[in-house]
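Asks: For reference, the file entry.pdb (PDB, C-alpha atoms) is included below:
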ATOM      1  CA  MET A   1      33.782 -46.185  -2.817  1.00  0.00           C
ATOM      2  CA  GLN A   2      30.550 -44.797  -4.241  1.00  0.00           C
ATOM      3  CA  ASN A   3      27.341 -44.658  -2.298  1.00  0.00           C
ATOM      4  CA  GLU A   4      23.875 -45.087  -3.802  1.00  0.00           C
ATOM      5  CA  GLU A   5      23.556 -41.329  -4.249  1.00  0.00           C
ATOM      6  CA  THR A   6      26.575 -41.044  -6.584  1.00  0.00           C
ATOM      7  CA  ARG A   7      26.191 -44.234  -8.614  1.00  0.00           C
ATOM      8  CA  PRO A   8      26.693 -43.978 -12.382  1.00  0.00           C
ATOM      9  CA  VAL A   9      23.390 -43.706 -14.264  1.00  0.00           C
ATOM     10  CA  HIS A  10      22.904 -45.393 -17.657  1.00  0.00           C
ATOM     11  CA  LEU A  11      19.598 -44.691 -19.424  1.00  0.00           C
ATOM     12  CA  HIS A  12      18.123 -45.652 -22.813  1.00  0.00           C
ATOM     13  CA  ARG A  13      15.257 -44.248 -24.832  1.00  0.00           C
ATOM     14  CA  ILE A  14      14.097 -46.534 -27.627  1.00  0.00           C
ATOM     15  CA  ASP A  15      11.109 -45.776 -29.855  1.00  0.00           C
ATOM     16  CA  ALA A  16      10.966 -47.918 -33.008  1.00  0.00           C
ATOM     17  CA  ALA A  17       8.127 -45.827 -34.483  1.00  0.00           C
ATOM     18  CA  GLN A  18      10.409 -42.759 -34.534  1.00  0.00           C
ATOM     19  CA  ASN A  19      13.611 -44.717 -35.325  1.00  0.00           C
ATOM     20  CA  MET A  20      14.959 -43.461 -31.987  1.00  0.00           C
ATOM     21  CA  ARG A  21      17.673 -45.380 -30.105  1.00  0.00           C
ATOM     22  CA  ARG A  22      19.415 -43.039 -27.650  1.00  0.00           C
ATOM     23  CA  PHE A  23      21.554 -43.447 -24.564  1.00  0.00           C
ATOM     24  CA  TYR A  24      22.403 -41.055 -21.736  1.00  0.00           C
ATOM     25  CA  MET A  25      25.036 -41.719 -19.064  1.00  0.00           C
ATOM     26  CA  LEU A  26      25.802 -39.675 -15.952  1.00  0.00           C
ATOM     27  CA  ALA A  27      28.635 -40.140 -13.463  1.00  0.00           C
ATOM     28  CA  ILE A  28      30.434 -38.154 -10.774  1.00  0.00           C
ATOM     29  CA  GLN A  29      34.226 -38.060 -10.575  1.00  0.00           C
ATOM     30  CA  PRO A  30      36.345 -36.281  -7.961  1.00  0.00           C
ATOM     31  CA  THR A  31      38.637 -33.493  -9.168  1.00  0.00           C
ATOM     32  CA  LEU A  32      42.256 -32.975  -8.181  1.00  0.00           C
ATOM     33  CA  PHE A  33      41.352 -29.898  -6.140  1.00  0.00           C
ATOM     34  CA  GLY A  34      38.725 -31.384  -3.835  1.00  0.00           C
ATOM     35  CA  GLY A  35      35.665 -30.684  -5.977  1.00  0.00           C
ATOM     36  CA  ALA A  36      33.574 -33.005  -8.093  1.00  0.00           C
ATOM     37  CA  SER A  37      32.643 -33.177 -11.780  1.00  0.00           C
ATOM     38  CA  VAL A  38      29.456 -34.458 -13.371  1.00  0.00           C
ATOM     39  CA  ILE A  39      30.363 -36.319 -16.568  1.00  0.00           C
ATOM     40  CA  ARG A  40      27.589 -36.604 -19.166  1.00  0.00           C
ATOM     41  CA  ASN A  41      27.742 -38.800 -22.262  1.00  0.00           C
ATOM     42  CA  TRP A  42      24.867 -39.043 -24.737  1.00  0.00           C
ATOM     43  CA  GLY A  43      24.066 -40.006 -28.296  1.00  0.00           C
ATOM     44  CA  ARG A  44      22.694 -42.711 -30.548  1.00  0.00           C
ATOM     45  CA  ILE A  45      23.128 -46.275 -29.289  1.00  0.00           C
ATOM     46  CA  GLY A  46      26.122 -47.789 -31.082  1.00  0.00           C
ATOM     47  CA  SER A  47      28.018 -44.500 -31.391  1.00  0.00           C
ATOM     48  CA  SER A  48      30.508 -42.967 -28.976  1.00  0.00           C
ATOM     49  CA  GLY A  49      28.240 -39.921 -28.612  1.00  0.00           C
ATOM     50  CA  GLN A  50      29.141 -36.572 -27.108  1.00  0.00           C
ATOM     51  CA  THR A  51      30.646 -35.845 -23.707  1.00  0.00           C
ATOM     52  CA  MET A  52      30.337 -32.850 -21.396  1.00  0.00           C
ATOM     53  CA  MET A  53      31.958 -32.251 -18.017  1.00  0.00           C
ATOM     54  CA  GLU A  54      30.633 -29.760 -15.457  1.00  0.00           C
ATOM     55  CA  THR A  55      32.794 -29.060 -12.395  1.00  0.00           C
ATOM     56  CA  PHE A  56      31.472 -28.139  -8.938  1.00  0.00           C
ATOM     57  CA  ASP A  57      33.178 -26.951  -5.744  1.00  0.00           C
ATOM     58  CA  GLY A  58      31.649 -29.688  -3.611  1.00  0.00           C
ATOM     59  CA  GLN A  59      30.294 -33.220  -3.797  1.00  0.00           C
ATOM     60  CA  GLU A  60      26.841 -32.098  -2.616  1.00  0.00           C
ATOM     61  CA  ASP A  61      26.469 -29.675  -5.544  1.00  0.00           C
ATOM     62  CA  ALA A  62      27.493 -32.405  -7.998  1.00  0.00           C
ATOM     63  CA  ASN A  63      24.988 -34.848  -6.437  1.00  0.00           C
ATOM     64  CA  THR A  64      22.229 -32.249  -6.780  1.00  0.00           C
ATOM     65  CA  ALA A  65      23.086 -31.603 -10.439  1.00  0.00           C
ATOM     66  CA  LEU A  66      23.199 -35.332 -11.237  1.00  0.00           C
ATOM     67  CA  SER A  67      19.815 -35.908  -9.568  1.00  0.00           C
ATOM     68  CA  ARG A  68      18.271 -32.976 -11.442  1.00  0.00           C
ATOM     69  CA  LEU A  69      19.585 -34.223 -14.800  1.00  0.00           C
ATOM     70  CA  GLU A  70      18.420 -37.767 -14.103  1.00  0.00           C
ATOM     71  CA  ARG A  71      14.897 -36.563 -13.209  1.00  0.00           C
ATOM     72  CA  THR A  72      14.747 -34.479 -16.396  1.00  0.00           C
ATOM     73  CA  LYS A  73      15.788 -37.379 -18.624  1.00  0.00           C
ATOM     74  CA  ARG A  74      13.374 -39.807 -16.974  1.00  0.00           C
ATOM     75  CA  ALA A  75      10.557 -37.275 -17.497  1.00  0.00           C
ATOM     76  CA  ARG A  76      11.456 -37.263 -21.215  1.00  0.00           C
ATOM     77  CA  GLY A  77      11.055 -41.032 -21.484  1.00  0.00           C
ATOM     78  CA  TYR A  78      14.527 -42.383 -20.703  1.00  0.00           C
ATOM     79  CA  ARG A  79      14.536 -45.650 -18.733  1.00  0.00           C
ATOM     80  CA  ASP A  80      17.139 -47.846 -17.008  1.00  0.00           C
ATOM     81  CA  VAL A  81      19.134 -50.115 -19.279  1.00  0.00           C
ATOM     82  CA  ARG A  82      17.932 -53.716 -19.250  1.00  0.00           C
ATOM     83  CA  CYS A  83      20.687 -56.316 -19.269  1.00  0.00           C
ATOM     84  CA  THR A  84      20.158 -59.060 -21.860  1.00  0.00           C
ATOM     85  CA  ASP A  85      22.941 -61.362 -20.601  1.00  0.00           C
TER      86      ASP A  85
END
Translate the structure described by the file into structure tokens.
Replies:
Amino acid sequence: MQNEETRPVHLHRIDAAQNMRRFYMLAIQPTLFGGASVIRNWGRIGSSGQTMMETFDGQEDANTALSRLERTKRARGYRDVRCTD
């Protein structure tokens, strides 16, 4: 069960003037050895993008890294995904 602090984050940055349609996803997954990994996936909307995994010794360190990355992306103009359903 995930708490609010470790929820997956899905962000978009769309700027038609610059032909920019990007996504950025962040999630935390536990490792087999008691640590936690921050999984990042980013790229152009409609593509599979690139993925990077960074492993930490503890859940707290992973939460801190995820929060820092999320703040950085939001400062660069990324916003929450709006559902169109």
Asks: Looking at only C-alpha atoms, which of A:Ile28, A:Arg76, A:Thr64, A:Arg21 is the one that sits closest to Gly49 of chain A?
Replies: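 Once distances to Gly49 of chain A are computed over only C-alpha atoms, the minimum belongs to A:Arg21.
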Asks: Find the residues with any atom within 12 Å of (15.2, -51.4, -18.1); use all atoms listed in the file and the coordinates as given in the file, and write the answer as a list in words.
Replies: Val9, His10, Leu11, His12, Arg13, Ile14, Arg74, Gly77, Tyr78, Arg79, Asp80, Val81, Arg82, Cys83 and Thr84 of chain A
Asks: Write a file of the selected residues as a PDB file, in the frame of the given file, keeping C-alpha atoms.
Replies:
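out-v5.pdb was written with the following content:
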ATOM      1  CA  VAL A   9      23.390 -43.706 -14.264  1.00  0.00           C
ATOM      2  CA  HIS A  10      22.904 -45.393 -17.657  1.00  0.00           C
ATOM      3  CA  LEU A  11      19.598 -44.691 -19.424  1.00  0.00           C
ATOM      4  CA  HIS A  12      18.123 -45.652 -22.813  1.00  0.00           C
ATOM      5  CA  ARG A  13      15.257 -44.248 -24.832  1.00  0.00           C
ATOM      6  CA  ILE A  14      14.097 -46.534 -27.627  1.00  0.00           C
ATOM      7  CA  ARG A  74      13.374 -39.807 -16.974  1.00  0.00           C
ATOM      8  CA  GLY A  77      11.055 -41.032 -21.484  1.00  0.00           C
ATOM      9  CA  TYR A  78      14.527 -42.383 -20.703  1.00  0.00           C
ATOM     10  CA  ARG A  79      14.536 -45.650 -18.733  1.00  0.00           C
ATOM     11  CA  ASP A  80      17.139 -47.846 -17.008  1.00  0.00           C
ATOM     12  CA  VAL A  81      19.134 -50.115 -19.279  1.00  0.00           C
ATOM     13  CA  ARG A  82      17.932 -53.716 -19.250  1.00  0.00           C
ATOM     14  CA  CYS A  83      20.687 -56.316 -19.269  1.00  0.00           C
ATOM     15  CA  THR A  84      20.158 -59.060 -21.860  1.00  0.00           C
TER      16      THR A  84
END
Asks: Which residue gives the smallest distance to Phe23 of chain A among A:Ile39, A:Arg7, A:Ser47, A:Leu69, with only C-alpha atoms counted?
Replies: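 Of A:Ile39, A:Arg7, A:Ser47, A:Leu69, the one nearest Phe23 of chain A is A:Ser47, counting only C-alpha atoms.
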Asks: Using all atoms listed in the file, determine which residues lie at most 10 Å from Pro30 of chain A, disregarding the query and same-chain residues fewer than 2 positions distant; provide the list as a list in words.
Replies: Ile28, Leu32, Phe33, Gly34, Gly35, Ala36, Ser37, Val38, Thr55, Phe56, Gly58, Gln59 and Ala62 of chain A
Asks: Report, in Å to a single decimal, how far apart atom CA of Thr31 of chain A and atom CA of Arg68 of chain A are.
Replies: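 These two atoms are separated by 20.5 Å.
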Asks: Between atom CA of Gly43 of chain A and atom CA of Ala27 of chain A, measure the distance and give it in Å to one decimal.
Replies: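 Atom CA of Ala27 of chain A lies 15.5 Å from atom CA of Gly43 of chain A.
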Asks: What gap, in Å, lies between atom CA of Leu66 of chain A and atom CA of Arg22 of chain A?
Replies: 18.5 Å
Asks: Looking at all atoms listed in the file, which of A:Asn19, A:Pro8, A:Ser67, A:Arg40 is the one that sits closest to Glu54 of chain A?
Replies: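 Closest to Glu54 of chain A of all the choices is A:Arg40.
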Asks: Set the distance at 9 Å and use all atoms listed in the file: which residues neighbour Asn41 of chain A once local chain neighbours fewer than 6 positions away are removed? I'd like the list as a PyMOL selection string.
Replies: chain A and resi 23-27+48-53
Asks: Step by step, gather every atom of segment 61-74 of chain A that the file lists, find the box along x, y and z that holds them, add 5 Å on each side, and finally give centre and edge lengths in Å to one decimal, as AutoDock Vina command-line options.
Replies:
--center_x 20.4 --center_y -34.7 --center_z -12.1 --size_x 24.1 --size_y 20.1 --size_z 23.1
